[in-house]
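structure-v8.tsv (TSV, C-alpha atoms and all ligand atoms) appears below.
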chain	number	residue	atom	x	y	z
A	1	MET	CA	-40.95	-34.74	39.64
A	2	GLU	CA	-41.41	-35.30	35.92
A	3	LEU	CA	-41.59	-38.97	35.26
A	4	LYS	CA	-41.29	-39.99	31.66
A	5	PHE	CA	-43.88	-42.70	31.88
A	6	ALA	CA	-46.47	-40.26	33.18
A	7	LEU	CA	-46.00	-37.97	30.20
A	8	GLU	CA	-45.97	-40.69	27.58
A	9	ALA	CA	-49.15	-42.63	28.18
A	10	GLN	CA	-48.05	-45.70	26.24
A	11	ASP	CA	-50.48	-48.14	24.80
A	12	ARG	CA	-49.51	-51.36	26.51
A	13	GLN	CA	-49.84	-53.27	23.24
A	14	ASP	CA	-46.96	-51.13	21.93
A	15	VAL	CA	-44.54	-52.84	24.26
A	16	GLY	CA	-42.06	-54.53	21.96
A	17	GLY	CA	-41.77	-58.33	21.82
A	18	ASP	CA	-38.41	-58.29	23.55
A	19	ARG	CA	-39.98	-56.56	26.54
A	20	ARG	CA	-42.93	-58.90	26.92
A	21	TYR	CA	-42.57	-61.55	29.58
A	22	ASP	CA	-44.65	-64.32	31.10
A	23	VAL	CA	-43.54	-63.23	34.55
A	24	VAL	CA	-42.04	-59.96	35.72
A	25	VAL	CA	-40.63	-60.05	39.25
A	26	ILE	CA	-40.20	-56.68	40.93
A	27	GLY	CA	-37.30	-56.89	43.38
A	28	GLY	CA	-34.34	-59.26	43.22
A	29	GLY	CA	-33.65	-60.12	46.88
A	30	PRO	CA	-34.07	-63.69	48.17
A	31	ALA	CA	-37.84	-63.62	47.55
A	32	GLY	CA	-37.61	-62.24	44.00
A	33	ALA	CA	-34.53	-64.15	42.91
A	34	THR	CA	-36.03	-67.45	44.09
A	35	ALA	CA	-39.34	-66.68	42.38
A	36	ALA	CA	-37.36	-66.04	39.19
A	37	LEU	CA	-35.42	-69.27	39.58
A	38	TYR	CA	-38.63	-71.32	39.82
A	39	ALA	CA	-40.44	-69.39	37.07
A	40	ALA	CA	-37.53	-69.65	34.63
A	41	ARG	CA	-37.03	-73.32	35.43
A	42	ALA	CA	-40.71	-73.82	34.52
A	43	ASN	CA	-39.91	-72.39	31.09
A	44	LEU	CA	-41.66	-69.11	31.71
A	45	ARG	CA	-40.03	-66.10	30.10
A	46	THR	CA	-38.96	-64.32	33.25
A	47	LEU	CA	-37.62	-60.85	33.98
A	48	VAL	CA	-36.46	-59.47	37.32
A	49	ILE	CA	-36.28	-55.70	37.74
A	50	ASP	CA	-34.17	-54.70	40.73
A	51	LYS	CA	-32.65	-51.45	41.98
A	52	GLY	CA	-29.27	-52.94	42.85
A	53	LEU	CA	-27.50	-55.77	44.65
A	54	THR	CA	-26.92	-53.90	47.91
A	55	THR	CA	-30.20	-52.00	48.15
A	56	GLY	CA	-32.31	-54.70	49.82
A	57	ALA	CA	-32.31	-56.09	53.37
A	58	LEU	CA	-30.21	-59.13	52.53
A	59	GLY	CA	-27.97	-57.34	50.04
A	60	LEU	CA	-26.79	-54.89	52.67
A	61	THR	CA	-26.31	-57.45	55.43
A	62	SER	CA	-22.60	-57.91	56.06
A	63	LYS	CA	-22.75	-61.53	57.27
A	64	ILE	CA	-25.33	-64.28	57.20
A	65	ALA	CA	-24.69	-67.66	58.77
A	66	ASN	CA	-28.10	-69.32	58.98
A	67	TYR	CA	-29.05	-69.90	55.36
A	68	PRO	CA	-29.48	-73.65	54.83
A	69	GLY	CA	-26.83	-75.29	52.67
A	70	ILE	CA	-24.39	-72.38	53.10
A	71	PRO	CA	-22.21	-73.28	56.10
A	72	GLY	CA	-19.94	-70.64	57.57
A	73	GLU	CA	-20.42	-66.94	57.01
A	74	ILE	CA	-21.22	-65.30	53.73
A	75	SER	CA	-22.07	-61.69	52.94
A	76	GLY	CA	-25.70	-61.01	52.12
A	77	ALA	CA	-24.70	-59.51	48.76
A	78	GLU	CA	-22.78	-62.66	47.80
A	79	LEU	CA	-25.73	-64.86	48.78
A	80	VAL	CA	-28.13	-62.76	46.68
A	81	ALA	CA	-25.64	-62.75	43.79
A	82	ARG	CA	-25.50	-66.57	43.92
A	83	MET	CA	-29.29	-66.81	43.88
A	84	ARG	CA	-29.40	-64.49	40.89
A	85	ARG	CA	-26.75	-66.45	39.00
A	86	GLN	CA	-28.70	-69.63	39.61
A	87	ALA	CA	-31.90	-68.02	38.28
A	88	GLU	CA	-29.98	-66.71	35.25
A	89	SER	CA	-28.64	-70.20	34.58
A	90	PHE	CA	-32.26	-71.29	34.04
A	91	GLY	CA	-32.91	-68.40	31.67
A	92	ALA	CA	-34.16	-65.56	33.87
A	93	THR	CA	-33.09	-62.04	32.86
A	94	PHE	CA	-32.15	-59.38	35.41
A	95	VAL	CA	-32.19	-55.66	34.70
A	96	GLN	CA	-31.05	-53.00	37.12
A	97	ALA	CA	-33.73	-50.31	37.33
A	98	LYS	CA	-36.27	-48.89	39.71
A	99	VAL	CA	-39.90	-49.67	39.01
A	100	GLN	CA	-41.68	-46.33	39.11
A	101	ALA	CA	-45.24	-47.37	38.35
A	102	VAL	CA	-47.35	-50.32	37.29
A	103	ASP	CA	-50.73	-50.96	35.75
A	104	LEU	CA	-51.93	-54.26	37.17
A	105	GLU	CA	-55.52	-54.34	35.94
A	106	GLY	CA	-56.46	-56.72	33.14
A	107	GLU	CA	-54.75	-59.74	31.68
A	108	VAL	CA	-51.63	-57.88	30.56
A	109	LYS	CA	-49.79	-56.01	33.30
A	110	THR	CA	-47.58	-53.03	32.44
A	111	ILE	CA	-44.45	-52.19	34.40
A	112	TYR	CA	-42.74	-48.83	34.00
A	113	THR	CA	-39.14	-47.93	34.73
A	114	ASN	CA	-37.46	-44.74	33.57
A	115	GLU	CA	-35.58	-46.62	30.90
A	116	ALA	CA	-38.24	-48.95	29.52
A	117	THR	CA	-41.78	-50.26	29.74
A	118	TYR	CA	-42.42	-53.99	30.14
A	119	ALA	CA	-45.51	-56.17	29.78
A	120	ALA	CA	-46.20	-59.34	31.71
A	121	ARG	CA	-48.89	-61.96	32.11
A	122	ALA	CA	-48.05	-62.31	35.80
A	123	VAL	CA	-46.29	-60.02	38.24
A	124	ILE	CA	-44.58	-61.07	41.47
A	125	ILE	CA	-43.93	-58.20	43.87
A	126	ALA	CA	-40.85	-58.80	46.06
A	127	THR	CA	-39.71	-55.30	46.94
A	128	GLY	CA	-39.01	-55.92	50.63
A	129	ALA	CA	-39.46	-53.56	53.56
A	130	MET	CA	-36.65	-51.03	53.40
A	131	GLY	CA	-38.96	-48.13	52.56
A	132	ARG	CA	-38.92	-44.87	54.46
A	133	GLY	CA	-41.75	-43.80	56.68
A	134	GLN	CA	-40.89	-40.50	58.31
A	135	ARG	CA	-39.76	-37.56	56.21
A	136	VAL	CA	-37.44	-34.77	57.33
A	137	LEU	CA	-38.63	-31.20	57.82
A	138	GLY	CA	-39.31	-29.40	54.55
A	139	GLU	CA	-39.13	-32.57	52.44
A	140	ASP	CA	-42.83	-32.97	51.65
A	141	ARG	CA	-43.36	-29.22	51.17
A	142	LEU	CA	-40.52	-28.95	48.64
A	143	LEU	CA	-41.18	-32.23	46.83
A	144	GLY	CA	-41.14	-31.45	43.10
A	145	ARG	CA	-39.57	-28.06	43.91
A	146	GLY	CA	-36.05	-29.34	44.17
A	147	VAL	CA	-36.68	-32.41	46.34
A	148	SER	CA	-36.62	-35.54	44.21
A	149	TYR	CA	-36.26	-39.30	44.53
A	150	CYS	CA	-35.17	-39.87	40.95
A	151	ALA	CA	-32.04	-38.36	39.42
A	152	THR	CA	-32.64	-40.15	36.15
A	153	CYS	CA	-35.93	-38.24	35.89
A	154	ASP	CA	-34.87	-34.85	37.15
A	155	ALA	CA	-31.08	-34.40	36.82
A	156	ALA	CA	-31.33	-32.33	33.64
A	157	PHE	CA	-33.15	-29.59	35.57
A	158	PHE	CA	-29.99	-28.97	37.60
A	159	GLN	CA	-27.55	-28.15	34.80
A	160	GLY	CA	-24.61	-26.20	36.25
A	161	GLN	CA	-26.15	-26.08	39.76
A	162	GLU	CA	-25.27	-27.57	43.15
A	163	VAL	CA	-27.24	-30.54	44.45
A	164	ALA	CA	-27.21	-32.93	47.38
A	165	VAL	CA	-27.67	-36.68	47.30
A	166	VAL	CA	-28.56	-38.29	50.62
A	167	GLY	CA	-28.05	-42.03	51.13
A	168	ASN	CA	-25.35	-44.66	51.29
A	169	ASP	CA	-26.21	-47.60	49.03
A	170	ASP	CA	-25.65	-48.48	45.36
A	171	GLU	CA	-28.75	-46.62	44.28
A	172	ALA	CA	-27.65	-43.37	45.96
A	173	VAL	CA	-24.12	-43.58	44.57
A	174	GLU	CA	-25.28	-44.37	41.04
A	175	GLU	CA	-27.73	-41.51	41.10
A	176	ALA	CA	-25.01	-39.16	42.41
A	177	LEU	CA	-22.65	-40.21	39.62
A	178	PHE	CA	-25.42	-39.65	37.09
A	179	LEU	CA	-26.03	-36.17	38.52
A	180	THR	CA	-22.36	-35.24	37.98
A	181	LYS	CA	-23.13	-35.16	34.25
A	182	PHE	CA	-25.38	-32.15	34.87
A	183	ALA	CA	-24.69	-30.51	38.22
A	184	ARG	CA	-21.60	-28.41	38.90
A	185	ARG	CA	-21.15	-29.96	42.34
A	186	VAL	CA	-22.78	-32.92	44.08
A	187	HIS	CA	-22.76	-33.04	47.88
A	188	PHE	CA	-23.04	-36.69	48.89
A	189	VAL	CA	-24.45	-36.96	52.41
A	190	SER	CA	-24.14	-40.44	53.92
A	191	PRO	CA	-25.87	-41.15	57.25
A	192	THR	CA	-23.16	-43.71	58.04
A	193	PRO	CA	-19.39	-43.08	58.19
A	194	ASP	CA	-18.83	-45.92	55.69
A	195	LEU	CA	-20.82	-46.26	52.50
A	196	LYS	CA	-22.69	-49.54	51.98
A	197	ALA	CA	-22.35	-49.39	48.21
A	198	THR	CA	-20.24	-51.91	46.28
A	199	PRO	CA	-16.49	-51.11	46.24
A	200	HIS	CA	-16.17	-49.97	42.60
A	201	LEU	CA	-19.01	-47.48	43.07
A	202	ARG	CA	-17.52	-46.18	46.33
A	203	GLU	CA	-14.24	-45.72	44.52
A	204	ALA	CA	-15.85	-43.90	41.59
A	205	LEU	CA	-17.64	-41.56	43.97
A	206	ALA	CA	-14.55	-40.86	46.08
A	207	GLN	CA	-12.47	-40.05	43.00
A	208	HIS	CA	-14.98	-37.84	41.23
A	209	PRO	CA	-13.80	-34.21	41.23
A	210	ALA	CA	-17.36	-32.81	41.33
A	211	VAL	CA	-18.36	-34.79	44.45
A	212	VAL	CA	-18.04	-33.49	48.01
A	213	LEU	CA	-18.47	-36.31	50.54
A	214	HIS	CA	-20.17	-35.64	53.91
A	215	ALA	CA	-19.80	-39.04	55.63
A	216	GLY	CA	-21.59	-39.81	58.89
A	217	ALA	CA	-23.99	-36.88	58.61
A	218	ALA	CA	-27.72	-37.01	59.25
A	219	LEU	CA	-30.10	-35.00	57.09
A	220	ARG	CA	-32.14	-32.77	59.41
A	221	GLU	CA	-34.07	-30.42	57.12
A	222	VAL	CA	-34.56	-29.28	53.56
A	223	LEU	CA	-34.64	-25.47	53.52
A	224	GLY	CA	-36.21	-23.04	51.06
A	225	ARG	CA	-39.20	-20.79	50.56
A	226	ASP	CA	-40.66	-21.89	47.22
A	227	ARG	CA	-37.76	-24.02	46.03
A	228	VAL	CA	-34.89	-25.88	47.67
A	229	GLU	CA	-32.20	-23.42	48.76
A	230	ALA	CA	-30.14	-25.53	51.19
A	231	ILE	CA	-30.05	-28.59	53.41
A	232	ARG	CA	-29.27	-28.72	57.10
A	233	ILE	CA	-27.09	-31.65	58.12
A	234	ALA	CA	-25.66	-32.90	61.42
A	235	PRO	CA	-22.21	-34.45	60.98
A	236	ARG	CA	-21.30	-36.78	63.88
A	237	GLY	CA	-19.46	-34.97	66.67
A	238	GLN	CA	-19.59	-31.62	64.87
A	239	PRO	CA	-21.97	-28.66	64.83
A	240	GLU	CA	-24.83	-28.69	62.32
A	241	GLN	CA	-24.09	-27.26	58.88
A	242	VAL	CA	-26.23	-25.56	56.27
A	243	VAL	CA	-25.14	-26.57	52.77
A	244	PRO	CA	-26.53	-24.35	49.99
A	245	VAL	CA	-27.98	-26.51	47.17
A	246	ASN	CA	-30.65	-26.18	44.50
A	247	GLY	CA	-31.77	-29.80	44.65
A	248	ALA	CA	-31.96	-32.60	47.23
A	249	PHE	CA	-32.13	-36.20	45.99
A	250	ILE	CA	-33.05	-38.45	48.89
A	251	TYR	CA	-32.39	-42.24	48.96
A	252	LEU	CA	-32.63	-43.08	52.64
A	253	GLN	CA	-33.91	-46.42	53.84
A	254	GLY	CA	-36.31	-47.33	56.61
A	255	ASN	CA	-38.38	-50.33	57.55
A	256	LYS	CA	-41.68	-49.87	55.74
A	257	PRO	CA	-42.93	-52.20	53.00
A	258	ILE	CA	-42.05	-50.69	49.60
A	259	THR	CA	-45.35	-50.26	47.79
A	260	ASP	CA	-45.23	-46.63	46.58
A	261	PHE	CA	-44.99	-47.65	42.91
A	262	LEU	CA	-48.36	-49.44	43.22
A	263	GLN	CA	-50.16	-46.14	43.75
A	264	GLY	CA	-52.93	-47.80	45.73
A	265	GLN	CA	-53.77	-50.52	43.20
A	266	LEU	CA	-53.57	-53.25	45.87
A	267	PRO	CA	-55.00	-53.33	49.37
A	268	THR	CA	-52.57	-53.03	52.26
A	269	SER	CA	-52.85	-53.59	55.99
A	270	GLU	CA	-52.85	-50.70	58.46
A	271	THR	CA	-49.08	-51.02	58.66
A	272	GLY	CA	-48.70	-50.80	54.89
A	273	CYS	CA	-48.03	-54.48	54.14
A	274	LEU	CA	-49.51	-56.10	51.05
A	275	ILE	CA	-52.32	-58.55	51.74
A	276	VAL	CA	-52.19	-62.01	50.14
A	277	ASP	CA	-53.89	-65.39	50.40
A	278	ARG	CA	-52.12	-68.61	51.44
A	279	GLU	CA	-50.63	-68.97	47.96
A	280	PHE	CA	-49.41	-65.38	47.85
A	281	ARG	CA	-52.10	-64.12	45.46
A	282	THR	CA	-53.06	-60.48	45.90
A	283	ALA	CA	-56.52	-59.10	45.24
A	284	LEU	CA	-55.76	-58.80	41.51
A	285	PRO	CA	-55.56	-61.91	39.29
A	286	GLY	CA	-52.05	-62.70	38.11
A	287	VAL	CA	-50.43	-60.51	40.76
A	288	PHE	CA	-48.52	-62.07	43.66
A	289	ALA	CA	-46.52	-60.65	46.58
A	290	VAL	CA	-43.79	-62.36	48.60
A	291	GLY	CA	-41.10	-61.73	51.20
A	292	ASP	CA	-40.74	-58.82	53.57
A	293	VAL	CA	-43.26	-56.68	51.68
A	294	LEU	CA	-45.82	-58.84	53.52
A	295	CYS	CA	-46.38	-58.61	57.26
A	296	ASN	CA	-44.43	-61.77	57.99
A	297	HIS	CA	-43.81	-62.16	61.67
A	298	VAL	CA	-40.57	-63.97	60.79
A	299	LYS	CA	-38.38	-61.87	58.52
A	300	GLN	CA	-35.66	-64.25	57.36
A	301	ALA	CA	-34.05	-64.88	54.01
A	302	VAL	CA	-35.07	-68.53	53.92
A	303	VAL	CA	-38.72	-67.61	54.53
A	304	ALA	CA	-38.66	-64.97	51.78
A	305	ALA	CA	-37.03	-67.45	49.38
A	306	ALA	CA	-39.63	-70.12	50.16
A	307	GLU	CA	-42.47	-67.70	49.50
A	308	GLY	CA	-40.92	-66.76	46.16
A	309	ALA	CA	-40.82	-70.44	45.21
A	310	VAL	CA	-44.49	-70.97	46.13
A	311	ALA	CA	-45.69	-67.86	44.25
A	312	ALA	CA	-43.78	-68.82	41.11
A	313	MET	CA	-45.20	-72.33	41.15
A	314	VAL	CA	-48.75	-71.03	41.63
A	315	ALA	CA	-48.22	-68.43	38.86
A	316	GLU	CA	-46.93	-71.15	36.56
A	317	LYS	CA	-49.96	-73.33	37.26
A	318	GLU	CA	-52.32	-70.44	36.60
A	319	LEU	CA	-50.58	-69.30	33.41
A	320	HIS	CA	-50.43	-72.76	31.93
A	321	GLY	CA	-53.87	-73.61	33.29
A	322	ARG	CA	-55.55	-70.85	31.36
A	323	ARG	CA	-56.77	-71.77	27.92
A	324	GLN	CA	-54.74	-70.15	25.14
A	325	LEU	CA	-54.55	-66.64	26.45
A	326	ALA	CA	-56.31	-63.84	24.69
A	327	VAL	CA	-52.88	-62.21	24.67
A	328	ASP	CA	-50.69	-64.07	22.23
A	329	TRP	CA	-47.09	-62.92	22.63
A	330	ALA	CA	-46.14	-64.72	19.43
A	331	LYS	CA	-47.99	-62.14	17.33
B	1	LIG	C1	-29.46	-55.86	59.11
B	1	LIG	C2	-30.22	-57.09	58.73
B	1	LIG	C3	-29.68	-58.33	59.04
B	1	LIG	C4	-30.36	-59.51	58.68
B	1	LIG	N1	-29.81	-60.71	58.97
B	1	LIG	C5	-30.41	-61.85	58.56
B	1	LIG	C6	-29.80	-63.12	58.77
B	1	LIG	O1	-28.74	-63.23	59.38
B	1	LIG	N2	-30.46	-64.22	58.32
B	1	LIG	C7	-31.65	-64.15	57.65
B	1	LIG	O2	-32.17	-65.18	57.23
B	1	LIG	N3	-32.25	-62.95	57.43
B	1	LIG	C8	-31.66	-61.80	57.87
B	1	LIG	N4	-32.27	-60.59	57.67
B	1	LIG	C9	-33.61	-60.57	57.05
B	1	LIG	C10	-33.56	-60.79	55.55
B	1	LIG	O3	-32.52	-60.00	55.02
B	1	LIG	C11	-34.91	-60.44	54.92
B	1	LIG	O4	-35.94	-61.15	55.54
B	1	LIG	C12	-34.90	-60.76	53.43
B	1	LIG	O5	-33.85	-60.09	52.79
B	1	LIG	C13	-36.22	-60.38	52.77
B	1	LIG	O6	-36.11	-60.66	51.42
B	1	LIG	P1	-36.94	-59.86	50.31
B	1	LIG	O7	-36.50	-60.44	49.01
B	1	LIG	O8	-38.37	-59.87	50.65
B	1	LIG	O9	-36.47	-58.33	50.44
B	1	LIG	P2	-35.06	-57.63	50.20
B	1	LIG	O10	-33.95	-58.54	50.56
B	1	LIG	O11	-35.16	-56.35	50.92
B	1	LIG	O12	-35.01	-57.41	48.63
B	1	LIG	C14	-35.89	-56.51	48.00
B	1	LIG	C15	-35.28	-56.07	46.68
B	1	LIG	O13	-36.26	-55.29	45.97
B	1	LIG	C16	-35.62	-54.15	45.41
B	1	LIG	N5	-36.59	-53.08	45.19
B	1	LIG	C17	-37.29	-52.38	46.10
B	1	LIG	N6	-38.09	-51.47	45.49
B	1	LIG	C18	-37.87	-51.60	44.17
B	1	LIG	C19	-38.38	-50.93	43.00
B	1	LIG	N7	-39.31	-49.95	43.10
B	1	LIG	N8	-37.93	-51.30	41.80
B	1	LIG	C20	-36.98	-52.28	41.67
B	1	LIG	N9	-36.46	-52.96	42.74
B	1	LIG	C21	-36.91	-52.62	43.96
B	1	LIG	C22	-34.58	-53.78	46.45
B	1	LIG	O14	-33.59	-52.97	45.88
B	1	LIG	C23	-34.06	-55.17	46.86
B	1	LIG	O15	-33.00	-55.60	46.03
B	1	LIG	C24	-31.61	-59.42	58.01
B	1	LIG	C25	-32.15	-58.16	57.70
B	1	LIG	C26	-31.46	-57.01	58.04
B	1	LIG	C27	-32.07	-55.66	57.70

Any chance you could put this one into structure tokens?
Ligand SMILES: Cc1cc2nc3c(=O)[nH]c(=O)nc-3n(C[C@H](O)[C@H](O)[C@H](O)COP(=O)(O)OP(=O)(O)OC[C@H]3O[C@@H](n4cnc5c(N)ncnc54)[C@H](O)[C@@H]3O)c2cc1C
Amino acid sequence: MELKFALEAQDRQDVGGDRRYDVVVIGGGPAGATAALYAARANLRTLVIDKGLTTGALGLTSKIANYPGIPGEISGAELVARMRRQAESFGATFVQAKVQAVDLEGEVKTIYTNEATYAARAVIIATGAMGRGQRVLGEDRLLGRGVSYCATCDAAFFQGQEVAVVGNDDEAVEEALFLTKFARRVHFVSPTPDLKATPHLREALAQHPAVVLHAGAALREVLGRDRVEAIRIAPRGQPEQVVPVNGAFIYLQGNKPITDFLQGQLPTSETGCLIVDREFRTALPGVFAVGDVLCNHVKQAVVAAAEGAVAAMVAEKELHGRRQLAVDWAK
């Protein structure tokens, strides 16, 4: 995997003024969107970086009926969209991107996506717990040798070749569509018969002439000696198939806290959850964590939202409480 940010070691002070924020929230589910709402309402310049509306636990929930103030049933995606619109109405900005890495030491934090680098005085981590734990056979061995988790980073290596994308949400579909610009054929392997991506993306995927859809098929193994040569999949009710491909882009979800982009910068519990104090501060000053990425024994949208509110208020107090910061964004 060749990640742009790793090759271009940027000086954090080079981050342009339009990409400097008081608060950057990573993850835009109920925890992150509510944190953004409170931070923006407190006049903090606030950015939320999120992978996509239907990639989090709430965003992919078909119906929710127990969120206070929302009687009746509503889809999780619509509820998250409403939270985001409310945060935007107070001035928060949302960008759709995956955070690949962060540098959380020091007064200015740096946040890297494939498209841009951002700087922040405070960071609120709200990435949820949809991360994968177990890998399939061959995946770890062939990582960087055709197995990838980032089409934006690696698609160009597969010019004119055949690749597989495994997943079923917005992120997987968008990455597959991006790959069609390079690969000759994209095999889209969805573990579920129906895709969970938003309708216009599903449509775009279904209509694309370079895409072959394998719906309701589990990924069993990535095959190859030194590089990916094929994947083995198990379509429901049918015999297993070996599909020859040169690359396998995997976007499956599980139930582990998503902390990979932190690269060990913050302590976690034995089960991989971020550790915080009662006001959601992590071990590093100016860095907070909220929602399902913590080991909450109650995983509910209203709890995640409440934590986002508390963290934003504490961040606001700390940012405004500091004397004029050594970092002056106005310069
Ligand atoms: C099937 C199901 C049904 C549920 N039903 C209910 C219910 O009825 N009522 C209820 O109250 N709760 C319900 N829950 C629980 C609720 O959805 C969660 O507790 C809540 O969504 C947690 O919010 P969160 O913001 O912490 O995480 P999430 O909602 O998971 O949001 C995290 C966000 O972070 C983004 N993200 C992750 N990694 C990155 C990255 N590297 N870069 C950028 N963005 C990133 C994700 O894409 C996602 O948008 C349900 C959960 C599930 C799985």

| Quick one: residues within 8 Å of ligand LIG 1 (chain B), with all atoms listed in the file, as a ChimeraX atom specification? | /A:26-33,49-67,76,96-100,113,126-131,258-261,290-293,298-305

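The protein and nucleic acid residues lying at most 6 Å from stretch 199-215 of chain A are Arg185, Val186, His187, Phe188, Val189, Ser190 and Pro193 of chain A, with only C-alpha atoms considered and sequence neighbours fewer than 4 positions away removed.
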
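Distance-wise, atom CA of A:Ala234 and atom CA of A:Gly247 end up 18.1 Å apart.
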
| message | Taking 6 positions as the minimum chain separation for residues in the same chain, which residues sit within 8 Å of A:Val242 when counting only C-alpha atoms? Answer as an MDAnalysis selection string. | response | chainID A and resid 230:233

| message | If I take atom CA of A:Pro235 and atom CA of A:Glu162, how far is one from the other in Å, to one decimal? | response | 19.4 Å

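With all atoms listed in the file as the atoms that count, the residue of A:Thr271, A:Asn168, A:Thr192, A:Asn43 with the shortest distance to A:Leu252 is A:Asn168.
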
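If you look at atom CA of A:Gly138 and atom CA of A:Cys273, they are 26.6 Å away from each other.
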
Using all atoms listed in the file, which residues sit within 10 Å of A:Gln263 once same-chain residues fewer than 5 positions away are excluded, as an mmCIF file with C-alpha atoms, in the frame of the given file?
data_model
loop_
_atom_site.group_PDB
_atom_site.id
_atom_site.type_symbol
_atom_site.label_atom_id
_atom_site.label_comp_id
_atom_site.auth_asym_id
_atom_site.auth_seq_id
_atom_site.Cartn_x
_atom_site.Cartn_y
_atom_site.Cartn_z
ATOM 1 C CA GLN A 100 -41.680 -46.330 39.110
ATOM 2 C CA ALA A 101 -45.240 -47.370 38.350
ATOM 3 C CA VAL A 102 -47.350 -50.320 37.290
ATOM 4 C CA ASP A 103 -50.730 -50.960 35.750
#

| said: Please list as a count of residues only every residue within 12 Å of A:Tyr21, counting all atoms listed in the file and excluding residues in the same chain fewer than 3 positions away. | reply: 34

| request: Would you please work out which residue, of A:Gly106, A:Gly321, A:Pro239, A:Pro68, is nearest to A:Leu284 when using all atoms listed in the file? | output: A:Gly106

| task | Could you tell me which of A:Ile250, A:Val23, A:Ala289, A:Val163 comes closest to A:Arg132 if we count only C-alpha atoms? | result | A:Ile250

| said: Set the distance at 10 Å and use all atoms listed in the file: which residues neighbour A:Tyr251 once local chain neighbours fewer than 6 positions away are removed? I'd like the list as a ChimeraX atom specification. | reply: /A:131-132,148-150,165-173,175,190

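Checking A:Val287, A:Val243, A:Ile275, A:Val228 one by one against A:Leu142, counting all atoms listed in the file, you find the shortest gap at A:Val228.
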
Have stretch 27-39 of chain A completed to N, CA and C atoms, please, and pass it along as a JSON list (two decimals), in the frame of the given file.
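The resulting file, selection-v9.json, is reproduced below:
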[["chain", "number", "residue", "atom", "x", "y", "z"],
["A", 27, "GLY", "N", -38.14, -56.67, 42.20],
["A", 27, "GLY", "CA", -37.30, -56.89, 43.38],
["A", 27, "GLY", "C", -36.52, -58.19, 43.24],
["A", 28, "GLY", "N", -35.20, -58.09, 43.45],
["A", 28, "GLY", "CA", -34.34, -59.26, 43.22],
["A", 28, "GLY", "C", -33.61, -59.71, 44.46],
["A", 29, "GLY", "N", -34.21, -59.56, 45.64],
["A", 29, "GLY", "CA", -33.65, -60.12, 46.88],
["A", 29, "GLY", "C", -33.94, -61.62, 46.92],
["A", 30, "PRO", "N", -33.83, -62.23, 48.11],
["A", 30, "PRO", "CA", -34.07, -63.69, 48.17],
["A", 30, "PRO", "C", -35.46, -64.09, 47.68],
["A", 31, "ALA", "N", -36.48, -63.28, 47.99],
["A", 31, "ALA", "CA", -37.84, -63.62, 47.55],
["A", 31, "ALA", "C", -37.94, -63.55, 46.02],
["A", 32, "GLY", "N", -37.48, -62.44, 45.45],
["A", 32, "GLY", "CA", -37.61, -62.24, 44.00],
["A", 32, "GLY", "C", -36.70, -63.15, 43.20],
["A", 33, "ALA", "N", -35.46, -63.31, 43.67],
["A", 33, "ALA", "CA", -34.53, -64.15, 42.91],
["A", 33, "ALA", "C", -34.99, -65.61, 42.91],
["A", 34, "THR", "N", -35.55, -66.07, 44.04],
["A", 34, "THR", "CA", -36.03, -67.45, 44.09],
["A", 34, "THR", "C", -37.28, -67.62, 43.23],
["A", 35, "ALA", "N", -38.16, -66.62, 43.26],
["A", 35, "ALA", "CA", -39.34, -66.68, 42.38],
["A", 35, "ALA", "C", -38.89, -66.79, 40.93],
["A", 36, "ALA", "N", -37.87, -66.02, 40.57],
["A", 36, "ALA", "CA", -37.36, -66.04, 39.19],
["A", 36, "ALA", "C", -36.76, -67.40, 38.85],
["A", 37, "LEU", "N", -36.04, -67.95, 39.81],
["A", 37, "LEU", "CA", -35.42, -69.27, 39.58],
["A", 37, "LEU", "C", -36.51, -70.30, 39.24],
["A", 38, "TYR", "N", -37.56, -70.33, 40.04],
["A", 38, "TYR", "CA", -38.63, -71.32, 39.82],
["A", 38, "TYR", "C", -39.41, -71.02, 38.54],
["A", 39, "ALA", "N", -39.66, -69.73, 38.28],
["A", 39, "ALA", "CA", -40.44, -69.39, 37.07],
["A", 39, "ALA", "C", -39.64, -69.73, 35.81]]
